[in-house]
file model-v2.tsv (TSV, C-alpha atoms)
chain	number	residue	atom	x	y	z
N	1	MET	CA	-24.23	-11.88	-18.70
N	2	THR	CA	-22.35	-11.54	-15.42
N	3	TRP	CA	-19.11	-12.52	-17.19
N	4	LEU	CA	-19.86	-9.99	-19.93
N	5	ARG	CA	-20.45	-7.18	-17.43
N	6	ARG	CA	-17.25	-7.97	-15.61
N	7	ARG	CA	-15.18	-8.16	-18.74
N	8	PHE	CA	-16.53	-5.20	-20.71
N	9	GLN	CA	-17.40	-1.69	-19.55
N	10	PRO	CA	-19.76	0.57	-21.57
N	11	GLU	CA	-16.88	2.45	-23.25
N	12	GLN	CA	-15.31	-0.84	-24.35
N	13	ILE	CA	-18.66	-1.93	-25.76
N	14	ARG	CA	-18.73	1.34	-27.74
N	15	GLU	CA	-15.35	0.44	-29.25
N	16	LEU	CA	-16.57	-3.06	-30.15
N	17	VAL	CA	-19.63	-1.52	-31.82
N	18	LEU	CA	-17.31	0.79	-33.78
N	19	LEU	CA	-15.28	-2.20	-34.97
N	20	ALA	CA	-18.47	-3.95	-36.08
N	21	LEU	CA	-19.65	-0.76	-37.82
N	22	ILE	CA	-16.32	-0.40	-39.65
N	23	LEU	CA	-16.57	-4.01	-40.81
N	24	GLY	CA	-20.16	-3.53	-41.96
N	25	ILE	CA	-19.32	-0.36	-43.91
N	26	VAL	CA	-16.33	-2.05	-45.57
N	27	LEU	CA	-18.53	-5.00	-46.59
N	28	PHE	CA	-21.18	-2.63	-47.97
N	29	PHE	CA	-18.79	-0.59	-50.09
N	30	GLY	CA	-17.12	-3.81	-51.20
N	31	THR	CA	-20.39	-4.73	-52.90
N	32	GLN	CA	-20.74	-1.31	-54.52
N	33	ILE	CA	-17.23	-0.44	-55.70
N	34	GLU	CA	-15.26	-2.56	-58.14
N	35	ASN	CA	-11.92	-3.90	-56.82
N	36	TYR	CA	-12.64	-2.40	-53.39
N	37	PHE	CA	-11.13	-5.36	-51.56
N	38	SER	CA	-7.59	-4.74	-52.73
N	39	PRO	CA	-4.25	-3.83	-51.12
N	40	ARG	CA	-4.47	-0.47	-52.91
N	41	THR	CA	-7.64	0.47	-50.98
N	42	PHE	CA	-6.00	-0.44	-47.67
N	43	THR	CA	-2.89	1.58	-48.56
N	44	ARG	CA	-4.95	4.62	-49.57
N	45	ILE	CA	-6.99	4.64	-46.36
N	46	SER	CA	-4.11	3.84	-43.99
N	47	THR	CA	-1.97	6.58	-45.53
N	48	SER	CA	-4.65	9.26	-45.39
N	49	VAL	CA	-5.78	8.45	-41.82
N	50	ALA	CA	-2.33	8.85	-40.24
N	51	VAL	CA	-2.41	12.66	-39.84
N	52	VAL	CA	-5.92	12.85	-38.38
N	53	ALA	CA	-5.31	9.85	-36.09
N	54	ILE	CA	-2.26	11.49	-34.50
N	55	VAL	CA	-4.08	14.80	-34.02
N	56	ALA	CA	-7.17	13.01	-32.66
N	57	VAL	CA	-5.09	11.41	-29.89
N	58	GLY	CA	-3.95	14.84	-28.69
N	59	GLN	CA	-7.50	16.15	-29.04
N	60	THR	CA	-8.70	13.27	-26.86
N	61	LEU	CA	-6.31	14.18	-24.05
N	62	VAL	CA	-7.66	17.74	-24.03
N	63	ILE	CA	-11.34	16.74	-24.27
N	64	LEU	CA	-10.92	14.33	-21.35
N	65	THR	CA	-10.24	17.41	-19.17
N	66	ARG	CA	-13.49	19.11	-20.32
N	67	ASN	CA	-11.67	21.35	-22.79
N	68	ILE	CA	-11.20	21.46	-26.55
N	69	ASP	CA	-8.37	22.45	-28.89
N	70	LEU	CA	-9.56	24.10	-32.11
N	71	SER	CA	-6.10	25.38	-33.04
N	72	VAL	CA	-4.65	22.00	-34.05
N	73	GLY	CA	-5.27	22.50	-37.78
N	74	SER	CA	-3.31	25.75	-37.74
N	75	ILE	CA	-0.52	24.11	-35.71
N	76	VAL	CA	-0.30	21.29	-38.28
N	77	GLY	CA	-0.08	23.81	-41.13
N	78	PHE	CA	2.41	26.08	-39.35
N	79	THR	CA	4.80	23.28	-38.36
N	80	ALA	CA	4.58	21.66	-41.79
N	81	TYR	CA	5.46	24.95	-43.48
N	82	ALA	CA	8.16	25.98	-40.98
N	83	VAL	CA	9.98	22.63	-41.01
N	84	GLY	CA	9.50	22.31	-44.78
N	85	THR	CA	11.04	25.75	-45.35
N	86	LEU	CA	13.98	24.88	-43.10
N	87	LEU	CA	14.55	21.63	-44.98
N	88	THR	CA	14.56	23.45	-48.34
N	89	LEU	CA	17.32	25.70	-46.98
N	90	GLN	CA	19.28	22.90	-45.28
N	91	ASN	CA	18.83	19.65	-47.17
N	92	ASP	CA	21.39	17.92	-44.96
N	93	LEU	CA	19.38	18.43	-41.76
N	94	PRO	CA	19.12	15.04	-39.95
N	95	PRO	CA	15.65	13.46	-40.10
N	96	GLY	CA	15.48	13.02	-36.33
N	97	LEU	CA	16.22	16.69	-35.75
N	98	ALA	CA	13.52	17.71	-38.24
N	99	VAL	CA	10.95	15.61	-36.36
N	100	LEU	CA	12.05	17.06	-33.01
N	101	LEU	CA	11.76	20.59	-34.38
N	102	ALA	CA	8.22	19.92	-35.55
N	103	VAL	CA	7.22	18.36	-32.22
N	104	GLY	CA	8.93	21.12	-30.21
N	105	LEU	CA	7.32	23.90	-32.23
N	106	GLY	CA	3.90	22.31	-31.83
N	107	ALA	CA	4.47	21.81	-28.09
N	108	ALA	CA	5.35	25.51	-27.67
N	109	MET	CA	2.14	26.55	-29.44
N	110	GLY	CA	0.15	24.10	-27.33
N	111	ALA	CA	1.80	25.45	-24.17
N	112	PHE	CA	0.59	28.96	-25.05
N	113	ASN	CA	-2.96	27.59	-25.30
N	114	GLY	CA	-2.58	25.67	-22.05
N	115	LEU	CA	-1.26	28.61	-20.06
N	116	LEU	CA	-4.21	30.79	-21.06
N	117	VAL	CA	-6.73	28.03	-20.29
N	118	ALA	CA	-5.22	26.52	-17.12
N	119	TYR	CA	-3.79	29.62	-15.45
N	120	GLY	CA	-5.58	32.46	-17.24
N	121	LYS	CA	-8.97	30.78	-16.63
N	122	ILE	CA	-10.13	31.66	-20.16
N	123	PRO	CA	-12.53	29.11	-21.71
N	124	ALA	CA	-10.67	26.74	-24.03
N	125	ILE	CA	-13.04	27.29	-26.95
N	126	ILE	CA	-12.33	31.04	-26.84
N	127	VAL	CA	-8.55	30.60	-26.48
N	128	THR	CA	-8.18	28.04	-29.25
N	129	LEU	CA	-10.53	29.85	-31.63
N	130	GLY	CA	-8.28	32.87	-31.17
N	131	THR	CA	-5.02	30.96	-31.62
N	132	LEU	CA	-6.49	29.12	-34.62
N	133	ALA	CA	-6.67	32.51	-36.33
N	134	ILE	CA	-3.41	33.82	-34.85
N	135	TYR	CA	-1.31	30.81	-35.87
N	136	ARG	CA	-2.83	30.80	-39.37
N	137	THR	CA	-2.13	34.52	-39.73
N	138	LEU	CA	1.47	33.99	-38.62
N	139	LEU	CA	1.79	31.32	-41.29
N	140	VAL	CA	0.46	33.69	-43.95
N	141	GLU	CA	2.85	36.44	-42.84
N	142	ILE	CA	6.03	34.34	-42.67
N	143	SER	CA	5.27	32.59	-45.96
N	144	GLY	CA	5.19	35.79	-48.00
N	145	ALA	CA	2.87	34.00	-50.47
N	146	ARG	CA	5.61	31.40	-51.14
N	147	SER	CA	4.95	27.67	-51.07
N	148	VAL	CA	7.15	24.76	-50.04
N	149	VAL	CA	7.56	22.60	-53.14
N	150	THR	CA	8.52	18.96	-53.37
N	151	ASN	CA	11.53	19.35	-55.69
N	152	GLU	CA	13.31	21.57	-53.12
N	153	LEU	CA	12.91	19.09	-50.25
N	154	PRO	CA	15.56	16.45	-49.41
N	155	ARG	CA	15.16	13.10	-51.13
N	156	TRP	CA	14.79	11.15	-47.87
N	157	LEU	CA	11.63	13.11	-47.06
N	158	VAL	CA	10.14	12.87	-50.54
N	159	ASN	CA	10.74	9.10	-50.55
N	160	LEU	CA	9.30	8.59	-47.03
N	161	PRO	CA	5.53	8.07	-47.73
N	162	PRO	CA	5.89	4.85	-49.80
N	163	VAL	CA	8.35	3.28	-47.33
N	164	ASN	CA	6.95	0.04	-45.88
N	165	ALA	CA	7.53	-0.82	-42.23
N	166	PHE	CA	6.52	-4.44	-42.88
N	167	SER	CA	4.02	-6.48	-44.87
N	168	ILE	CA	1.21	-8.83	-43.91
N	169	GLY	CA	0.59	-11.02	-46.91
N	170	GLU	CA	-0.21	-8.63	-49.75
N	171	LEU	CA	-0.91	-5.72	-47.39
N	172	ASP	CA	1.90	-3.22	-46.99
N	173	ILE	CA	2.01	-1.32	-43.69
N	174	ARG	CA	3.43	2.11	-44.45
N	175	LEU	CA	5.94	3.61	-42.02
N	176	LEU	CA	3.84	6.74	-41.49
N	177	PHE	CA	0.80	4.64	-40.59
N	178	LEU	CA	2.92	2.62	-38.17
N	179	VAL	CA	3.98	5.88	-36.48
N	180	ALA	CA	0.30	6.76	-36.00
N	181	LEU	CA	-0.41	3.29	-34.56
N	182	LEU	CA	2.49	3.60	-32.11
N	183	VAL	CA	1.23	7.02	-30.96
N	184	VAL	CA	-2.24	5.55	-30.35
N	185	LEU	CA	-0.89	2.55	-28.44
N	186	LEU	CA	1.50	4.67	-26.36
N	187	PHE	CA	-1.18	7.07	-25.17
N	188	GLN	CA	-3.70	4.28	-24.68
N	189	LEU	CA	-1.25	2.75	-22.21
N	190	VAL	CA	-0.64	6.17	-20.61
N	191	VAL	CA	-4.32	6.89	-19.91
N	192	SER	CA	-5.00	3.30	-18.85
N	193	TYR	CA	-2.11	2.59	-16.50
N	194	LEU	CA	-0.27	5.77	-15.48
N	195	GLY	CA	-1.44	8.00	-12.63
N	196	TRP	CA	-1.31	11.08	-14.84
N	197	GLY	CA	-3.67	9.44	-17.32
N	198	ARG	CA	-6.16	8.42	-14.65
N	199	ARG	CA	-6.15	11.99	-13.31
N	200	LEU	CA	-7.26	13.22	-16.73
N	201	TYR	CA	-10.46	11.21	-16.27
N	202	ALA	CA	-10.87	12.40	-12.69
N	203	ILE	CA	-10.55	16.07	-13.67
N	204	GLY	CA	-12.98	15.68	-16.57
N	205	SER	CA	-15.51	13.63	-14.59
N	206	ASN	CA	-15.64	15.88	-11.54
N	207	PRO	CA	-13.29	18.89	-11.46
N	208	ASP	CA	-14.41	19.99	-7.97
N	209	ALA	CA	-13.81	16.56	-6.44
N	210	ALA	CA	-10.42	16.34	-8.18
N	211	ARG	CA	-9.47	19.72	-6.75
N	212	ILE	CA	-10.55	18.68	-3.24
N	213	ALA	CA	-8.56	15.45	-3.63
N	214	GLY	CA	-5.46	17.58	-4.22
N	215	PHE	CA	-4.91	16.83	-7.89
N	216	PRO	CA	-2.76	19.50	-9.62
N	217	ALA	CA	-5.55	20.25	-12.08
N	218	GLN	CA	-3.94	23.31	-13.64
N	219	ARG	CA	-0.67	21.51	-14.35
N	220	ILE	CA	-2.47	18.48	-15.78
N	221	VAL	CA	-4.61	20.64	-18.10
N	222	LEU	CA	-1.49	22.52	-19.22
N	223	THR	CA	0.30	19.22	-19.94
N	224	ALA	CA	-2.68	17.98	-21.96
N	225	PHE	CA	-2.53	21.08	-24.18
N	226	VAL	CA	1.26	20.77	-24.54
N	227	LEU	CA	0.88	17.13	-25.65
N	228	SER	CA	-1.94	18.07	-28.02
N	229	GLY	CA	0.31	20.71	-29.61
N	230	ALA	CA	3.28	18.33	-29.74
N	231	LEU	CA	1.20	15.65	-31.49
N	232	ALA	CA	-0.16	18.27	-33.90
N	233	GLY	CA	3.48	19.19	-34.62
N	234	LEU	CA	4.29	15.54	-35.31
N	235	ALA	CA	1.22	15.38	-37.56
N	236	GLY	CA	2.56	18.49	-39.31
N	237	PHE	CA	5.75	16.61	-40.15
N	238	VAL	CA	3.71	13.62	-41.42
N	239	PHE	CA	1.59	16.07	-43.46
N	240	LEU	CA	4.76	17.55	-44.96
N	241	ALA	CA	6.12	14.11	-45.83
N	242	ARG	CA	2.85	12.98	-47.38
N	243	PHE	CA	2.06	16.03	-49.54
N	244	GLY	CA	5.41	17.80	-50.06
N	245	ASN	CA	3.79	20.91	-51.52
N	246	ILE	CA	2.78	23.07	-48.54
N	247	THR	CA	0.76	26.29	-48.88
N	248	VAL	CA	-0.79	28.67	-46.34
N	249	VAL	CA	-3.97	26.56	-46.24
N	250	ALA	CA	-2.14	23.42	-45.12
N	251	GLY	CA	-3.98	21.62	-42.32
N	252	LEU	CA	-7.17	23.63	-42.83
N	253	GLY	CA	-10.15	21.69	-41.45
N	254	ILE	CA	-8.13	19.17	-39.44
N	255	GLU	CA	-9.54	20.65	-36.22
N	256	LEU	CA	-13.04	19.58	-37.29
N	257	GLU	CA	-11.81	16.15	-38.37
N	258	SER	CA	-9.98	15.56	-35.08
N	259	VAL	CA	-13.01	16.55	-32.99
N	260	ALA	CA	-15.23	14.36	-35.17
N	261	ALA	CA	-12.85	11.39	-34.82
N	262	ALA	CA	-12.72	11.76	-31.04
N	263	VAL	CA	-16.48	12.19	-30.57
N	264	VAL	CA	-17.42	9.44	-33.02
N	265	GLY	CA	-14.85	7.26	-31.23
N	266	GLY	CA	-16.72	7.62	-27.94
N	267	VAL	CA	-14.87	10.50	-26.28
N	268	ASN	CA	-17.48	12.40	-24.28
N	269	ILE	CA	-17.42	16.09	-25.22
N	270	ASN	CA	-18.15	16.89	-21.56
N	271	GLY	CA	-14.95	15.17	-20.46
N	272	GLY	CA	-14.07	12.18	-18.32
N	273	LEU	CA	-14.91	9.39	-20.79
N	274	GLY	CA	-13.22	8.00	-23.88
N	275	SER	CA	-9.85	6.74	-25.02
N	276	PRO	CA	-7.16	7.28	-27.69
N	277	LEU	CA	-8.03	3.87	-29.14
N	278	GLY	CA	-11.65	4.94	-29.58
N	279	ALA	CA	-10.53	8.18	-31.25
N	280	PHE	CA	-8.36	6.16	-33.63
N	281	LEU	CA	-11.30	3.91	-34.53
N	282	GLY	CA	-13.39	7.04	-35.08
N	283	ALA	CA	-10.73	8.43	-37.43
N	284	VAL	CA	-10.61	5.14	-39.35
N	285	LEU	CA	-14.41	5.02	-39.65
N	286	ILE	CA	-14.61	8.60	-40.95
N	287	ASP	CA	-11.75	8.06	-43.39
N	288	ILE	CA	-13.27	4.86	-44.76
N	289	ILE	CA	-16.61	6.60	-45.35
N	290	ASP	CA	-14.87	9.66	-46.82
N	291	ASN	CA	-12.64	7.75	-49.23
N	292	SER	CA	-15.37	5.33	-50.22
N	293	LEU	CA	-18.00	7.98	-50.90
N	294	ILE	CA	-15.52	9.93	-53.04
N	295	ARG	CA	-14.98	6.82	-55.19
N	296	TRP	CA	-18.65	5.80	-55.17
N	297	LEU	CA	-20.52	9.10	-55.49
N	298	ALA	CA	-17.72	11.61	-56.20
N	299	ILE	CA	-19.05	13.92	-53.45
N	300	SER	CA	-17.82	17.49	-53.20
N	301	GLU	CA	-15.77	19.05	-50.39
N	302	PHE	CA	-18.89	20.84	-49.11
N	303	TRP	CA	-20.80	17.60	-48.71
N	304	ARG	CA	-17.74	16.07	-47.05
N	305	ASN	CA	-17.81	18.75	-44.33
N	306	ALA	CA	-21.57	18.30	-43.96
N	307	LEU	CA	-20.97	14.58	-43.44
N	308	LEU	CA	-18.47	15.31	-40.67
N	309	GLY	CA	-20.98	17.59	-38.97
N	310	LEU	CA	-23.70	14.95	-39.26
N	311	LEU	CA	-21.41	12.30	-37.75
N	312	ILE	CA	-20.61	14.60	-34.81
N	313	LEU	CA	-24.32	15.20	-34.17
N	314	LEU	CA	-25.14	11.50	-34.39
N	315	ALA	CA	-22.24	10.58	-32.09
N	316	VAL	CA	-23.23	13.15	-29.45
N	317	ALA	CA	-26.88	12.06	-29.64
N	318	THR	CA	-25.88	8.41	-29.33
N	319	ASP	CA	-23.67	9.17	-26.34
N	320	THR	CA	-26.40	11.21	-24.68
N	321	ILE	CA	-29.28	8.78	-25.23
N	322	VAL	CA	-27.87	5.27	-25.59
N	323	MET	CA	-24.52	5.31	-23.81
N	324	GLN	CA	-25.81	7.14	-20.72
N	325	ARG	CA	-28.54	4.53	-20.30
N	326	LEU	CA	-26.01	1.76	-20.83
N	327	ARG	CA	-23.69	3.29	-18.22
N	328	SER	CA	-26.58	3.61	-15.74
N	329	LEU	CA	-27.57	-0.01	-16.33
N	330	TRP	CA	-23.98	-1.15	-15.90
N	331	ALA	CA	-23.62	0.88	-12.67
N	332	ARG	CA	-26.82	-0.60	-11.23
N	333	GLN	CA	-25.68	-4.11	-12.07
N	334	GLU	CA	-22.32	-3.45	-10.43
N	335	LEU	CA	-24.07	-2.22	-7.26
N	336	ARG	CA	-26.24	-5.35	-7.19
N	337	LEU	CA	-23.20	-7.58	-7.59
N	338	ALA	CA	-21.39	-5.69	-4.82
N	339	ALA	CA	-24.42	-6.01	-2.51
N	340	ARG	CA	-24.68	-9.73	-3.27
N	341	ARG	CA	-21.00	-10.27	-2.54
N	342	LEU	CA	-21.33	-8.36	0.73
N	343	THR	CA	-24.33	-10.47	1.75
N	344	GLU	CA	-22.45	-13.69	0.91
N	345	GLU	CA	-19.43	-12.57	2.90
N	346	LYS	CA	-21.60	-11.73	5.93
N	347	GLY	CA	-23.29	-15.15	5.66
N	348	GLU	CA	-19.91	-16.89	5.58
N	349	SER	CA	-18.74	-14.89	8.60
N	350	ASN	CA	-21.87	-15.79	10.59
N	351	ARG	CA	-21.48	-19.47	9.73
N	352	ALA	CA	-17.83	-19.41	10.75
N	353	ALA	CA	-18.76	-17.79	14.08
call {"tool": "encode", "arguments": {"input": "model-v2.tsv", "output": "structure tokens"}}
result
Amino acid sequence: MTWLRRRFQPEQIRELVLLALILGIVLFFGTQIENYFSPRTFTRISTSVAVVAIVAVGQTLVILTRNIDLSVGSIVGFTAYAVGTLLTLQNDLPPGLAVLLAVGLGAAMGAFNGLLVAYGKIPAIIVTLGTLAIYRTLLVEISGARSVVTNELPRWLVNLPPVNAFSIGELDIRLLFLVALLVVLLFQLVVSYLGWGRRLYAIGSNPDAARIAGFPAQRIVLTAFVLSGALAGLAGFVFLARFGNITVVAGLGIELESVAAAVVGGVNINGGLGSPLGAFLGAVLIDIIDNSLIRWLAISEFWRNALLGLLILLAVATDTIVMQRLRSLWARQELRLAARRLTEEKGESNRAA
């Protein structure tokens, strides 16, 4: 048990439980749905989870600072439509430039949110509820009721979704899914090893102590919102590549999915706890349940949203009841170990004297 406590913290245990839950759900649906264990099922789930996984990483960065970004769905839709429209007008636009435009546009929208929250001192839920509506209205106005259609987009974009990055046996890893994985791994390393990432946890855990310690809290919160917007912009490009046909309702509901993925993945809604990896596992779990229930029970869109709400409630309740007790137990055990080590060191010093 001592080895287990030293090796795994409560949040890591939560991620291991998520992995076990994902495996259990996959095994269950495998017994209920014919040909469930097939490369086609893996391709369907990995392709559909990419957009939400990227947005959920940005959402995690914001939630870690005790804030929330409800505008991400509108940012995804706006960037998908704006970049898609530009590509229909200029088919020879380089792919790299198109991606940078999407990321830059999303970052600018996220910066607007961040400035109002960090420097304007307006609660994040109020700011992002407002910009959710503002960005969606801007999309409706600039679209003029016109849609981006697949046959007007450049061929390289239309042919992007089925492109394989590599294969593992019979499983094909799509390029868009690999992009989502790289985003998750990059930001997992950032929050785990870089000073900026550790300050996110400090600000979310105890804002007053972080301020006294001299952390530039306003700048860090602003950066978190900028990165959330930038990742939503990248997700907008992935959304455009995946669907091709973009209307004014593009990205609608992704804000709920991203919050659900983060919370189910162990990101504490009160800030200071969680990780991009956990948010990714949460997104995978939700997508597996979503896709499987559609094939098994043919549930409607209304029941799908109700399921997301139920998962959020269960995740928050679990975090409040189970994880808090687990963290308290882990903290007490760590204090006992520290006291024992201190006693042993004093004994060794007395013997040496």
call {"tool": "atom_distance", "arguments": {"input": "model-v2.tsv", "atom1": "CA of Arg174 (chain N)", "atom2": "CA of Gly236 (chain N)"}}
result
17.2 Å
call {"tool": "closest_residue", "arguments": {"input": "model-v2.tsv", "among": "N:Thr65, N:Asn291, N:Gln218, N:Ser48", "to": "Ala180 (chain N)", "atoms": "only C-alpha atoms"}}
result
N:Ser48
call {"tool": "closest_atom_pairs", "arguments": {"input": "model-v2.tsv", "of": "region 21-131 of chain N", "to": "region 201-210 of chain N", "cutoff": "10 Å", "atoms": "all atoms listed in the file", "output": "Markdown table"}}
result
| residue | atom | partner | partner_atom | distance |
| --- | --- | --- | --- | --- |
| N:Leu61 | CA | N:Tyr201 | CA | 9.3 |
| N:Val62 | CA | N:Gly204 | CA | 9.4 |
| N:Ile63 | CA | N:Gly204 | CA | 7.9 |
| N:Leu64 | CA | N:Gly204 | CA | 5.4 |
| N:Thr65 | CA | N:Gly204 | CA | 4.2 |
| N:Arg66 | CA | N:Gly204 | CA | 5.1 |
| N:Asn67 | CA | N:Gly204 | CA | 8.5 |
call {"tool": "atom_distance", "arguments": {"input": "model-v2.tsv", "atom1": "CA of Val248 (chain N)", "atom2": "CA of Asn151 (chain N)"}}
result
18.1 Å
call {"tool": "atom_distance", "arguments": {"input": "model-v2.tsv", "atom1": "CA of Ile269 (chain N)", "atom2": "CA of Trp303 (chain N)"}}
result
23.8 Å
call {"tool": "closest_residue", "arguments": {"input": "model-v2.tsv", "among": "N:Asn113, N:Ala279, N:Ala50, N:Pro154", "to": "Gln90 (chain N)", "atoms": "all atoms listed in the file"}}
result
N:Pro154
